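Trainee: Contents are compact mmCIF, C-alpha atoms; file name protein.txt:
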```
# COMPACT_ATOMS: atom_id res chain seq x y z
CA MET A 1 103.05 58.60 -41.05
CA ILE A 2 101.56 58.21 -44.49
CA VAL A 3 103.31 59.99 -47.38
CA ARG A 4 101.65 59.93 -50.81
CA LYS A 5 102.39 61.59 -54.13
CA LEU A 6 99.65 62.90 -56.41
CA LYS A 7 101.55 61.58 -59.44
CA THR A 8 101.47 58.04 -58.03
CA ILE A 9 97.77 58.23 -57.16
CA ARG A 10 96.92 59.59 -60.62
CA ALA A 11 98.46 56.46 -62.13
CA SER A 12 96.61 54.10 -59.76
CA GLU A 13 93.10 52.70 -59.35
CA ASN A 14 92.51 55.44 -56.78
CA ASN A 15 92.27 57.95 -59.63
CA VAL A 16 88.57 57.70 -60.47
CA LYS A 17 87.11 59.18 -63.65
CA SER A 18 83.49 59.70 -64.57
CA ASP A 19 81.39 62.07 -66.67
CA GLY A 20 82.76 65.59 -66.27
CA TRP A 21 85.14 64.91 -63.40
CA GLU A 22 88.24 63.04 -62.30
CA SER A 23 89.31 62.51 -58.71
CA ALA A 24 92.65 61.48 -57.19
CA ARG A 25 91.78 59.93 -53.85
CA LEU A 26 94.85 60.45 -51.73
CA LEU A 27 93.35 59.29 -48.43
CA LEU A 28 90.54 56.74 -48.10
CA ALA A 29 88.57 55.11 -45.31
CA GLY A 30 91.18 52.39 -44.89
CA ASP A 31 93.78 54.96 -43.87
CA GLY A 32 91.95 55.47 -40.59
CA MET A 33 91.94 59.27 -40.62
CA GLY A 34 88.15 59.55 -40.23
CA PHE A 35 87.89 61.50 -43.49
CA SER A 36 88.96 61.05 -47.09
CA PHE A 37 90.97 63.62 -49.05
CA HIS A 38 90.74 64.00 -52.82
CA LEU A 39 92.18 66.32 -55.46
CA THR A 40 89.37 66.57 -57.98
CA LYS A 41 89.18 68.10 -61.44
CA LEU A 42 85.83 69.31 -62.74
CA TYR A 43 85.84 69.80 -66.48
CA ALA A 44 84.77 72.97 -68.29
CA GLY A 45 81.29 72.88 -69.72
CA SER A 46 80.00 70.00 -67.62
CA GLU A 47 76.93 70.28 -65.39
CA LEU A 48 77.40 68.23 -62.25
CA ARG A 49 74.27 67.58 -60.20
CA MET A 50 75.20 65.97 -56.91
CA HIS A 51 73.47 64.97 -53.72
CA TYR A 52 75.61 63.26 -51.11
CA LYS A 53 72.93 61.81 -48.88
CA HIS A 54 75.35 59.85 -46.74
CA HIS A 55 78.40 62.14 -46.66
CA LEU A 56 79.31 65.68 -45.65
CA GLU A 57 81.78 67.28 -48.06
CA ALA A 58 83.97 70.37 -48.06
CA VAL A 59 85.45 71.67 -51.32
CA MET A 60 88.22 74.28 -51.68
CA VAL A 61 88.68 75.73 -55.14
CA LEU A 62 92.38 75.88 -56.02
CA LYS A 63 92.20 76.74 -59.74
CA GLY A 64 89.50 77.73 -62.23
CA THR A 65 86.10 79.36 -62.16
CA GLY A 66 82.44 78.40 -62.28
CA THR A 67 79.30 78.46 -60.17
CA ILE A 68 77.50 76.32 -57.63
CA GLU A 69 73.73 76.33 -57.36
CA ASP A 70 72.23 75.37 -54.02
CA LEU A 71 69.04 73.56 -54.95
CA GLY A 72 67.70 73.93 -51.41
CA THR A 73 67.78 77.73 -51.41
CA GLY A 74 67.95 78.50 -55.14
CA GLU A 75 71.06 80.61 -54.55
CA THR A 76 74.01 80.53 -56.93
CA HIS A 77 77.54 81.22 -55.67
CA GLU A 78 80.61 82.08 -57.68
CA LEU A 79 83.49 79.61 -57.58
CA ARG A 80 87.06 80.82 -57.99
CA PRO A 81 90.40 80.16 -56.25
CA GLY A 82 90.05 80.86 -52.53
CA VAL A 83 86.36 79.96 -52.30
CA LEU A 84 85.34 77.03 -50.09
CA TYR A 85 81.92 75.45 -49.93
CA ALA A 86 80.78 72.89 -47.39
CA LEU A 87 77.72 70.69 -47.79
CA ASN A 88 76.94 70.68 -44.09
CA GLU A 89 73.31 69.70 -44.63
CA ASN A 90 73.85 67.11 -47.39
CA ASP A 91 72.83 69.93 -49.73
CA GLU A 92 71.74 68.96 -53.22
CA HIS A 93 73.63 71.13 -55.69
CA ILE A 94 74.78 71.69 -59.25
CA VAL A 95 78.34 72.74 -60.11
CA ARG A 96 78.86 74.37 -63.49
CA PRO A 97 82.57 74.78 -64.30
CA GLU A 98 83.24 77.62 -66.72
CA THR A 99 86.89 76.57 -66.98
CA ASP A 100 88.46 73.35 -65.74
CA ILE A 101 88.39 73.58 -61.95
CA LEU A 102 90.84 71.97 -59.53
CA THR A 103 89.58 71.38 -56.02
CA ALA A 104 90.68 69.83 -52.73
CA CYS A 105 87.78 67.81 -51.29
CA VAL A 106 87.23 66.25 -47.88
CA PHE A 107 84.50 63.67 -47.17
CA ASN A 108 83.11 62.60 -43.81
CA PRO A 109 82.55 59.70 -43.46
CA PRO A 110 85.50 58.86 -45.69
CA VAL A 111 84.95 57.43 -49.14
CA THR A 112 86.09 53.81 -49.24
CA GLY A 113 87.44 53.60 -52.76
CA GLY A 114 86.15 53.83 -56.30
CA GLU A 115 82.69 55.28 -55.67
CA VAL A 116 81.03 57.14 -58.50
CA HIS A 117 77.73 58.98 -58.24
CA ASP A 118 74.54 56.95 -58.53
CA LYS A 119 71.49 58.14 -60.46
CA ASP A 120 70.59 60.50 -57.59
CA GLY A 121 74.05 62.10 -57.56
CA ALA A 122 74.91 60.32 -54.31
CA TYR A 123 77.67 58.00 -53.20
CA PRO A 124 76.46 54.80 -51.54
CA ALA A 125 76.26 54.69 -47.76
CA PRO A 126 79.57 53.74 -46.09
CA ALA A 127 78.41 50.24 -45.15
CA ALA A 128 77.77 49.35 -48.79
CA GLU A 129 80.43 47.85 -51.02
CA PRO A 130 81.99 50.53 -53.22
CA GLU A 131 81.15 50.36 -56.90
CA PRO A 132 84.09 49.55 -59.14
CA PRO A 133 85.84 52.50 -60.82
CA PRO A 134 84.50 53.23 -64.30
CA MET B 1 75.51 75.13 -47.47
CA ILE B 2 78.42 77.08 -46.10
CA VAL B 3 80.34 79.33 -48.53
CA ARG B 4 83.52 81.05 -47.30
CA LYS B 5 86.19 83.14 -48.96
CA LEU B 6 89.85 82.87 -48.06
CA LYS B 7 90.21 86.66 -48.28
CA THR B 8 87.49 87.13 -45.64
CA ILE B 9 89.01 84.52 -43.31
CA ARG B 10 92.49 86.04 -43.68
CA ALA B 11 91.08 89.34 -42.36
CA SER B 12 89.28 87.69 -39.43
CA GLU B 13 90.18 86.23 -36.05
CA ASN B 14 90.17 82.80 -37.73
CA ASN B 15 93.49 83.70 -39.36
CA VAL B 16 95.92 82.57 -36.67
CA LYS B 17 99.60 83.54 -36.72
CA SER B 18 102.44 82.16 -34.66
CA ASP B 19 106.19 81.58 -34.96
CA GLY B 20 106.97 80.43 -38.49
CA TRP B 21 103.39 79.79 -39.64
CA GLU B 22 100.04 81.38 -40.36
CA SER B 23 96.78 79.51 -40.76
CA ALA B 24 93.44 80.54 -42.26
CA ARG B 25 90.89 78.29 -40.60
CA LEU B 26 88.06 78.05 -43.09
CA LEU B 27 86.06 75.36 -41.29
CA LEU B 28 86.06 74.82 -37.53
CA ALA B 29 84.41 72.48 -35.05
CA GLY B 30 81.35 74.70 -34.80
CA ASP B 31 80.57 74.12 -38.48
CA GLY B 32 79.59 70.54 -37.69
CA MET B 33 81.55 68.88 -40.48
CA GLY B 34 83.48 66.55 -38.15
CA PHE B 35 86.81 67.96 -39.35
CA SER B 36 88.41 71.37 -39.66
CA PHE B 37 89.95 72.70 -42.88
CA HIS B 38 92.81 75.20 -42.94
CA LEU B 39 95.00 76.86 -45.55
CA THR B 40 98.33 77.19 -43.80
CA LYS B 41 101.54 78.98 -44.75
CA LEU B 42 104.83 77.70 -43.35
CA TYR B 43 107.58 80.26 -43.66
CA ALA B 44 110.97 79.65 -45.25
CA GLY B 45 113.77 78.99 -42.82
CA SER B 46 111.59 78.04 -39.87
CA GLU B 47 111.90 74.72 -38.06
CA LEU B 48 108.50 73.54 -36.92
CA ARG B 49 108.49 70.72 -34.38
CA MET B 50 104.94 69.47 -33.87
CA HIS B 51 103.22 66.67 -32.05
CA TYR B 52 99.44 66.59 -32.26
CA LYS B 53 98.67 64.23 -29.43
CA HIS B 54 94.92 64.73 -29.65
CA HIS B 55 94.38 65.20 -33.39
CA LEU B 56 95.00 63.35 -36.65
CA GLU B 57 96.12 65.69 -39.44
CA ALA B 58 96.50 65.45 -43.20
CA VAL B 59 98.55 68.03 -45.09
CA MET B 60 98.63 68.55 -48.86
CA VAL B 61 101.46 70.70 -50.18
CA LEU B 62 100.12 73.18 -52.75
CA LYS B 63 103.16 75.44 -53.20
CA GLY B 64 106.78 75.49 -52.07
CA THR B 65 109.40 72.98 -50.99
CA GLY B 66 110.96 71.64 -47.82
CA THR B 67 111.26 68.45 -45.81
CA ILE B 68 109.43 66.60 -43.06
CA GLU B 69 111.31 64.50 -40.55
CA ASP B 70 109.36 61.67 -38.90
CA LEU B 71 110.79 61.54 -35.39
CA GLY B 72 109.33 58.07 -34.84
CA THR B 73 111.23 56.43 -37.71
CA GLY B 74 114.02 58.93 -38.32
CA GLU B 75 113.01 59.16 -41.98
CA THR B 76 113.00 62.45 -43.85
CA HIS B 77 110.59 63.01 -46.76
CA GLU B 78 110.73 65.68 -49.43
CA LEU B 79 107.85 68.18 -49.52
CA ARG B 80 106.82 69.76 -52.82
CA PRO B 81 103.51 70.44 -54.61
CA GLY B 82 101.55 67.21 -54.95
CA VAL B 83 102.92 65.55 -51.81
CA LEU B 84 100.50 64.70 -49.01
CA TYR B 85 101.43 63.54 -45.54
CA ALA B 86 99.05 62.22 -42.92
CA LEU B 87 99.84 61.92 -39.23
CA ASN B 88 97.77 58.79 -38.78
CA GLU B 89 99.60 57.78 -35.62
CA ASN B 90 99.85 61.23 -34.02
CA ASP B 91 103.41 61.20 -35.37
CA GLU B 92 105.84 63.66 -33.85
CA HIS B 93 107.59 65.49 -36.67
CA ILE B 94 109.65 68.46 -37.79
CA VAL B 95 108.84 70.44 -40.92
CA ARG B 96 111.65 72.48 -42.42
CA PRO B 97 110.42 74.79 -45.20
CA GLU B 98 113.14 75.68 -47.70
CA THR B 99 110.80 78.19 -49.37
CA ASP B 100 107.48 79.49 -48.07
CA ILE B 101 105.08 76.54 -48.26
CA LEU B 102 101.32 76.71 -48.77
CA THR B 103 99.34 73.72 -47.55
CA ALA B 104 95.75 72.54 -47.21
CA CYS B 105 95.32 70.89 -43.79
CA VAL B 106 92.53 68.77 -42.33
CA PHE B 107 92.21 68.00 -38.61
CA ASN B 108 90.16 65.28 -36.95
CA PRO B 109 88.76 66.04 -34.45
CA PRO B 110 88.23 69.55 -35.76
CA VAL B 111 90.13 72.46 -34.26
CA THR B 112 87.77 74.69 -32.35
CA GLY B 113 89.28 78.09 -33.05
CA GLY B 114 92.46 79.95 -32.22
CA GLU B 115 94.63 77.10 -30.99
CA VAL B 116 98.38 77.52 -31.19
CA HIS B 117 100.94 74.85 -30.36
CA ASP B 118 101.86 74.33 -26.71
CA LYS B 119 105.41 73.69 -25.53
CA ASP B 120 105.18 70.08 -26.71
CA GLY B 121 104.07 71.10 -30.22
CA ALA B 122 100.50 69.92 -29.53
CA TYR B 123 97.09 71.52 -29.68
CA PRO B 124 95.02 71.08 -26.53
CA ALA B 125 92.53 68.22 -26.38
CA PRO B 126 89.15 69.13 -27.93
CA ALA B 127 87.38 69.36 -24.58
CA ALA B 128 89.74 72.10 -23.42
CA GLU B 129 89.07 75.75 -24.06
CA PRO B 130 91.08 77.02 -27.05
CA GLU B 131 93.92 79.37 -26.32
CA PRO B 132 93.45 82.87 -27.69
CA PRO B 133 95.14 83.69 -30.99
CA PRO B 134 98.57 85.28 -30.53
```
Could you spell out this file's structure in C-alpha cells?
Mentor:
Amino acid sequence: MIVRKLKTIRASENNVKSDGWESARLLLAGDGMGFSFHLTKLYAGSELRMHYKHHLEAVMVLKGTGTIEDLGTGETHELRPGVLYALNENDEHIVRPETDILTACVFNPPVTGGEVHDKDGAYPAPAAEPEPPP
Amino acid sequence: MIVRKLKTIRASENNVKSDGWESARLLLAGDGMGFSFHLTKLYAGSELRMHYKHHLEAVMVLKGTGTIEDLGTGETHELRPGVLYALNENDEHIVRPETDILTACVFNPPVTGGEVHDKDGAYPAPAAEPEPPP
C-alpha cells in the first residue's frame, strides 16, 4: 500500500509548475497503478491550450469556476465544482479559469514525472524521457 | 470529450449505495478511458473491510477523517484531506471513518457499472457480469 500526503508532494520535485498551472503528482508511472493521479491548480486569468496526443485525461473540478472550449466541436462547457471532463479522444481544448481552479486529474498512460506541455500543448509520448521540471 | 455533472450522476443508476458507503461513478469501463473515476462517500462509524482482488485502486481523501488499516502489514494510517492511498498490491484493508469521508477514487481496470463488494470485500473480475445496484 502506498500512502502519500499532498503537503509532502507539494514540497518535492513532483510538484511541477509552469505558466498558469501547478500540479502535485501524487502517483506516477513508477508506482505501477497504470494511471497517474495529480491535484492540479489552474490559475485565474490564464488561457491554457492543451492537446494530449499521447494520453487520455479525466479532470474533476473540486474548487473554482471557468470554462473549457472543445476545439474539435467548438462547444464551450462551464466548469465548476462537481463537473468532470474526460478527453477520451485526445481532444484539443482550451481551459479558461475565471477563478483559481483546483482539479483532480487522472492520466492514462501515466505521466512519468516532470512533464510540462510542449509547444503543441502535449506531453511527450510515454517512451520518451520526461523533460525536467521548470 | 465527455462532460458529466456530479448532480446528474447522483440521480442516476450510476450512483451506487451499499452498507456504509455511496459512490457516484462518473466514468466507467464503457467510456474507454482505461480507468473508472468515482466520488465516494464513506459514512461515519462504519467499518469497511475491502479486498479488491481484481482491481488496483487509488483513493484521495477530499473531506473528513478516519483511519485505514493495512491488513498485510498491520499498520494503521490516518486519513484526512490531502492524504492519498493506493492499493498497488491489491492490499486487503479496513477503512474506519470517524466522520463522513468524501473521496475521489480511481480503479484499474475500470469498474463496469453497479458492482458492490462480495462477501470477501472484492468486486468481481472485469470479465464477469456486474451485480445489480442494491
Trainee: Take atom CA of Arg25 of chain B and atom CA of Glu78 of chain B and report the distance between them in Å, one decimal.
Mentor: 25.1 Å
Trainee: May I ask for the distance between atom CA of Arg10 of chain B and atom CA of Val111 of chain B, given in Å to one decimal place?
Mentor: 16.7 Å
Trainee: Figure out the distance between atom CA of Ala24 of chain A and atom CA of Leu6 of chain A, please, to one decimal in Å.
Mentor: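 We find that atom CA of Leu6 of chain A and atom CA of Ala24 of chain A lie 7.2 Å from each other.
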Trainee: Which neighbours of Gly30 of chain B fall inside 10 Å, counting only C-alpha atoms, when residues of the same chain fewer than 4 positions from it are skipped, and could you give them as a ChimeraX atom specification?
Mentor: /B:34-36,110-113
Trainee: Do me a favour and pick out the residues of chain A within 8 Å of chain B, using all atoms listed in the file, as an MDAnalysis selection string.
Mentor: chainID A and resid 1:7 26 31:35 56:57 70 77 82:89 91 104 108
Trainee: Write a file of the selected residues as an mmCIF file, keeping the file's coordinate frame, keeping C-alpha atoms.
Mentor:
```cif
data_model
loop_
_atom_site.group_PDB
_atom_site.id
_atom_site.type_symbol
_atom_site.label_atom_id
_atom_site.label_comp_id
_atom_site.auth_asym_id
_atom_site.auth_seq_id
_atom_site.Cartn_x
_atom_site.Cartn_y
_atom_site.Cartn_z
ATOM 1 C CA MET A 1 103.050 58.600 -41.050
ATOM 2 C CA ILE A 2 101.560 58.210 -44.490
ATOM 3 C CA VAL A 3 103.310 59.990 -47.380
ATOM 4 C CA ARG A 4 101.650 59.930 -50.810
ATOM 5 C CA LYS A 5 102.390 61.590 -54.130
ATOM 6 C CA LEU A 6 99.650 62.900 -56.410
ATOM 7 C CA LYS A 7 101.550 61.580 -59.440
ATOM 8 C CA LEU A 26 94.850 60.450 -51.730
ATOM 9 C CA ASP A 31 93.780 54.960 -43.870
ATOM 10 C CA GLY A 32 91.950 55.470 -40.590
ATOM 11 C CA MET A 33 91.940 59.270 -40.620
ATOM 12 C CA GLY A 34 88.150 59.550 -40.230
ATOM 13 C CA PHE A 35 87.890 61.500 -43.490
ATOM 14 C CA LEU A 56 79.310 65.680 -45.650
ATOM 15 C CA GLU A 57 81.780 67.280 -48.060
ATOM 16 C CA ASP A 70 72.230 75.370 -54.020
ATOM 17 C CA HIS A 77 77.540 81.220 -55.670
ATOM 18 C CA GLY A 82 90.050 80.860 -52.530
ATOM 19 C CA VAL A 83 86.360 79.960 -52.300
ATOM 20 C CA LEU A 84 85.340 77.030 -50.090
ATOM 21 C CA TYR A 85 81.920 75.450 -49.930
ATOM 22 C CA ALA A 86 80.780 72.890 -47.390
ATOM 23 C CA LEU A 87 77.720 70.690 -47.790
ATOM 24 C CA ASN A 88 76.940 70.680 -44.090
ATOM 25 C CA GLU A 89 73.310 69.700 -44.630
ATOM 26 C CA ASP A 91 72.830 69.930 -49.730
ATOM 27 C CA ALA A 104 90.680 69.830 -52.730
ATOM 28 C CA ASN A 108 83.110 62.600 -43.810
#
```
Trainee: Pairing the C-alpha atoms in order across the whole chain, superpose chain A onto chain B by least squares and write the result as an mmCIF file with C-alpha atoms, in the coordinates of the input.
Mentor:
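Output below, filename out_13.cif:
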```cif
data_model
loop_
_atom_site.group_PDB
_atom_site.id
_atom_site.type_symbol
_atom_site.label_atom_id
_atom_site.label_comp_id
_atom_site.auth_asym_id
_atom_site.auth_seq_id
_atom_site.Cartn_x
_atom_site.Cartn_y
_atom_site.Cartn_z
ATOM 1 C CA MET A 1 75.530 75.134 -47.428
ATOM 2 C CA ILE A 2 78.449 77.095 -46.073
ATOM 3 C CA VAL A 3 80.351 79.336 -48.512
ATOM 4 C CA ARG A 4 83.523 81.057 -47.287
ATOM 5 C CA LYS A 5 86.197 83.156 -48.950
ATOM 6 C CA LEU A 6 89.873 82.873 -48.036
ATOM 7 C CA LYS A 7 90.217 86.662 -48.278
ATOM 8 C CA THR A 8 87.518 87.142 -45.629
ATOM 9 C CA ILE A 9 89.025 84.536 -43.301
ATOM 10 C CA ARG A 10 92.500 86.064 -43.671
ATOM 11 C CA ALA A 11 91.099 89.345 -42.359
ATOM 12 C CA SER A 12 89.307 87.694 -39.414
ATOM 13 C CA GLU A 13 90.216 86.227 -36.027
ATOM 14 C CA ASN A 14 90.194 82.817 -37.708
ATOM 15 C CA ASN A 15 93.511 83.695 -39.352
ATOM 16 C CA VAL A 16 95.946 82.549 -36.665
ATOM 17 C CA LYS A 17 99.622 83.507 -36.720
ATOM 18 C CA SER A 18 102.457 82.120 -34.655
ATOM 19 C CA ASP A 19 106.203 81.561 -34.960
ATOM 20 C CA GLY A 20 106.978 80.406 -38.494
ATOM 21 C CA TRP A 21 103.419 79.791 -39.644
ATOM 22 C CA GLU A 22 100.060 81.377 -40.363
ATOM 23 C CA SER A 23 96.800 79.498 -40.757
ATOM 24 C CA ALA A 24 93.454 80.524 -42.267
ATOM 25 C CA ARG A 25 90.892 78.296 -40.598
ATOM 26 C CA LEU A 26 88.073 78.056 -43.086
ATOM 27 C CA LEU A 27 86.075 75.366 -41.282
ATOM 28 C CA LEU A 28 86.077 74.821 -37.512
ATOM 29 C CA ALA A 29 84.438 72.477 -35.035
ATOM 30 C CA GLY A 30 81.369 74.692 -34.782
ATOM 31 C CA ASP A 31 80.583 74.122 -38.451
ATOM 32 C CA GLY A 32 79.622 70.542 -37.662
ATOM 33 C CA MET A 33 81.573 68.881 -40.468
ATOM 34 C CA GLY A 34 83.497 66.545 -38.137
ATOM 35 C CA PHE A 35 86.818 67.963 -39.344
ATOM 36 C CA SER A 36 88.434 71.369 -39.662
ATOM 37 C CA PHE A 37 89.970 72.704 -42.878
ATOM 38 C CA HIS A 38 92.822 75.209 -42.933
ATOM 39 C CA LEU A 39 94.996 76.868 -45.568
ATOM 40 C CA THR A 40 98.333 77.196 -43.818
ATOM 41 C CA LYS A 41 101.538 78.984 -44.758
ATOM 42 C CA LEU A 42 104.833 77.710 -43.378
ATOM 43 C CA TYR A 43 107.591 80.266 -43.677
ATOM 44 C CA ALA A 44 110.991 79.662 -45.271
ATOM 45 C CA GLY A 45 113.785 78.993 -42.839
ATOM 46 C CA SER A 46 111.609 78.057 -39.880
ATOM 47 C CA GLU A 47 111.907 74.725 -38.067
ATOM 48 C CA LEU A 48 108.503 73.546 -36.925
ATOM 49 C CA ARG A 49 108.484 70.727 -34.379
ATOM 50 C CA MET A 50 104.954 69.476 -33.874
ATOM 51 C CA HIS A 51 103.235 66.679 -32.032
ATOM 52 C CA TYR A 52 99.459 66.590 -32.253
ATOM 53 C CA LYS A 53 98.670 64.220 -29.421
ATOM 54 C CA HIS A 54 94.932 64.731 -29.636
ATOM 55 C CA HIS A 55 94.394 65.209 -33.383
ATOM 56 C CA LEU A 56 95.017 63.360 -36.635
ATOM 57 C CA GLU A 57 96.116 65.690 -39.433
ATOM 58 C CA ALA A 58 96.500 65.438 -43.192
ATOM 59 C CA VAL A 59 98.553 68.027 -45.087
ATOM 60 C CA MET A 60 98.623 68.547 -48.874
ATOM 61 C CA VAL A 61 101.436 70.700 -50.191
ATOM 62 C CA LEU A 62 100.108 73.163 -52.771
ATOM 63 C CA LYS A 63 103.143 75.444 -53.216
ATOM 64 C CA GLY A 64 106.776 75.478 -52.088
ATOM 65 C CA THR A 65 109.389 72.981 -51.013
ATOM 66 C CA GLY A 66 110.957 71.635 -47.841
ATOM 67 C CA THR A 67 111.262 68.454 -45.816
ATOM 68 C CA ILE A 68 109.441 66.606 -43.070
ATOM 69 C CA GLU A 69 111.298 64.488 -40.550
ATOM 70 C CA ASP A 70 109.375 61.680 -38.895
ATOM 71 C CA LEU A 71 110.804 61.548 -35.394
ATOM 72 C CA GLY A 72 109.334 58.085 -34.835
ATOM 73 C CA THR A 73 111.216 56.448 -37.702
ATOM 74 C CA GLY A 74 114.023 58.953 -38.316
ATOM 75 C CA GLU A 75 113.017 59.164 -41.979
ATOM 76 C CA THR A 76 112.986 62.457 -43.856
ATOM 77 C CA HIS A 77 110.584 63.013 -46.762
ATOM 78 C CA GLU A 78 110.715 65.678 -49.424
ATOM 79 C CA LEU A 79 107.843 68.157 -49.531
ATOM 80 C CA ARG A 80 106.806 69.738 -52.818
ATOM 81 C CA PRO A 81 103.500 70.438 -54.606
ATOM 82 C CA GLY A 82 101.541 67.199 -54.960
ATOM 83 C CA VAL A 83 102.921 65.553 -51.819
ATOM 84 C CA LEU A 84 100.501 64.694 -49.006
ATOM 85 C CA TYR A 85 101.437 63.537 -45.541
ATOM 86 C CA ALA A 86 99.047 62.210 -42.928
ATOM 87 C CA LEU A 87 99.852 61.924 -39.236
ATOM 88 C CA ASN A 88 97.779 58.795 -38.774
ATOM 89 C CA GLU A 89 99.604 57.785 -35.600
ATOM 90 C CA ASN A 90 99.857 61.244 -33.992
ATOM 91 C CA ASP A 91 103.410 61.213 -35.351
ATOM 92 C CA GLU A 92 105.853 63.670 -33.834
ATOM 93 C CA HIS A 93 107.594 65.498 -36.664
ATOM 94 C CA ILE A 94 109.652 68.468 -37.783
ATOM 95 C CA VAL A 95 108.842 70.448 -40.936
ATOM 96 C CA ARG A 96 111.661 72.493 -42.428
ATOM 97 C CA PRO A 97 110.412 74.794 -45.209
ATOM 98 C CA GLU A 98 113.117 75.671 -47.716
ATOM 99 C CA THR A 99 110.791 78.179 -49.386
ATOM 100 C CA ASP A 100 107.478 79.481 -48.080
ATOM 101 C CA ILE A 101 105.084 76.540 -48.275
ATOM 102 C CA LEU A 102 101.319 76.704 -48.775
ATOM 103 C CA THR A 103 99.339 73.728 -47.558
ATOM 104 C CA ALA A 104 95.748 72.537 -47.212
ATOM 105 C CA CYS A 105 95.320 70.892 -43.795
ATOM 106 C CA VAL A 106 92.533 68.779 -42.335
ATOM 107 C CA PHE A 107 92.221 68.007 -38.604
ATOM 108 C CA ASN A 108 90.169 65.288 -36.942
ATOM 109 C CA PRO A 109 88.767 66.025 -34.425
ATOM 110 C CA PRO A 110 88.249 69.544 -35.742
ATOM 111 C CA VAL A 111 90.142 72.448 -34.248
ATOM 112 C CA THR A 112 87.760 74.699 -32.332
ATOM 113 C CA GLY A 113 89.293 78.081 -33.016
ATOM 114 C CA GLY A 114 92.486 79.944 -32.253
ATOM 115 C CA GLU A 115 94.663 77.081 -31.014
ATOM 116 C CA VAL A 116 98.404 77.511 -31.222
ATOM 117 C CA HIS A 117 100.942 74.831 -30.373
ATOM 118 C CA ASP A 118 101.829 74.323 -26.721
ATOM 119 C CA LYS A 119 105.376 73.677 -25.517
ATOM 120 C CA ASP A 120 105.127 70.054 -26.714
ATOM 121 C CA GLY A 121 104.051 71.082 -30.224
ATOM 122 C CA ALA A 122 100.499 69.900 -29.545
ATOM 123 C CA TYR A 123 97.088 71.505 -29.703
ATOM 124 C CA PRO A 124 95.003 71.075 -26.552
ATOM 125 C CA ALA A 125 92.513 68.226 -26.407
ATOM 126 C CA PRO A 126 89.123 69.090 -27.959
ATOM 127 C CA ALA A 127 87.344 69.351 -24.606
ATOM 128 C CA ALA A 128 89.686 72.112 -23.448
ATOM 129 C CA GLU A 129 88.991 75.775 -24.082
ATOM 130 C CA PRO A 130 90.987 77.011 -27.073
ATOM 131 C CA GLU A 131 93.829 79.382 -26.313
ATOM 132 C CA PRO A 132 93.339 82.889 -27.646
ATOM 133 C CA PRO A 133 95.019 83.718 -30.974
ATOM 134 C CA PRO A 134 98.452 85.290 -30.548
#
```
Trainee: Counting all atoms listed in the file, which residue out of B:Glu47, B:Asp120, B:Glu115, B:Asp100 sits closest to Val16 of chain B?
Mentor: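 Nearest candidate to Val16 of chain B out of B:Glu47, B:Asp120, B:Glu115, B:Asp100: B:Glu115.
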Trainee: Using 6 Å of padding on each side, determine the axis-aligned box around all atoms of segment 20-33 of chain B present in the file and give its centre and edge lengths in Å to one decimal, as lines of an AutoDock Vina configuration file.
Mentor:
```
center_x = 93.3
center_y = 75.1
center_z = -38.9
size_x = 39.4
size_y = 24.5
size_z = 20.3
```
Trainee: B:Ser46, B:Ser18, B:Ser12, B:Ser23: which is nearest His117 of chain B, counting all atoms listed in the file?
Mentor: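 That would be B:Ser18, the residue with the smallest distance to His117 of chain B.
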Trainee: Would you mind listing what lies within 6 Å of Ile94 of chain B as a PyMOL selection string, with only C-alpha atoms counted and same-chain residues fewer than 4 positions away left out?
Mentor: chain B and resi 48-49+68-69
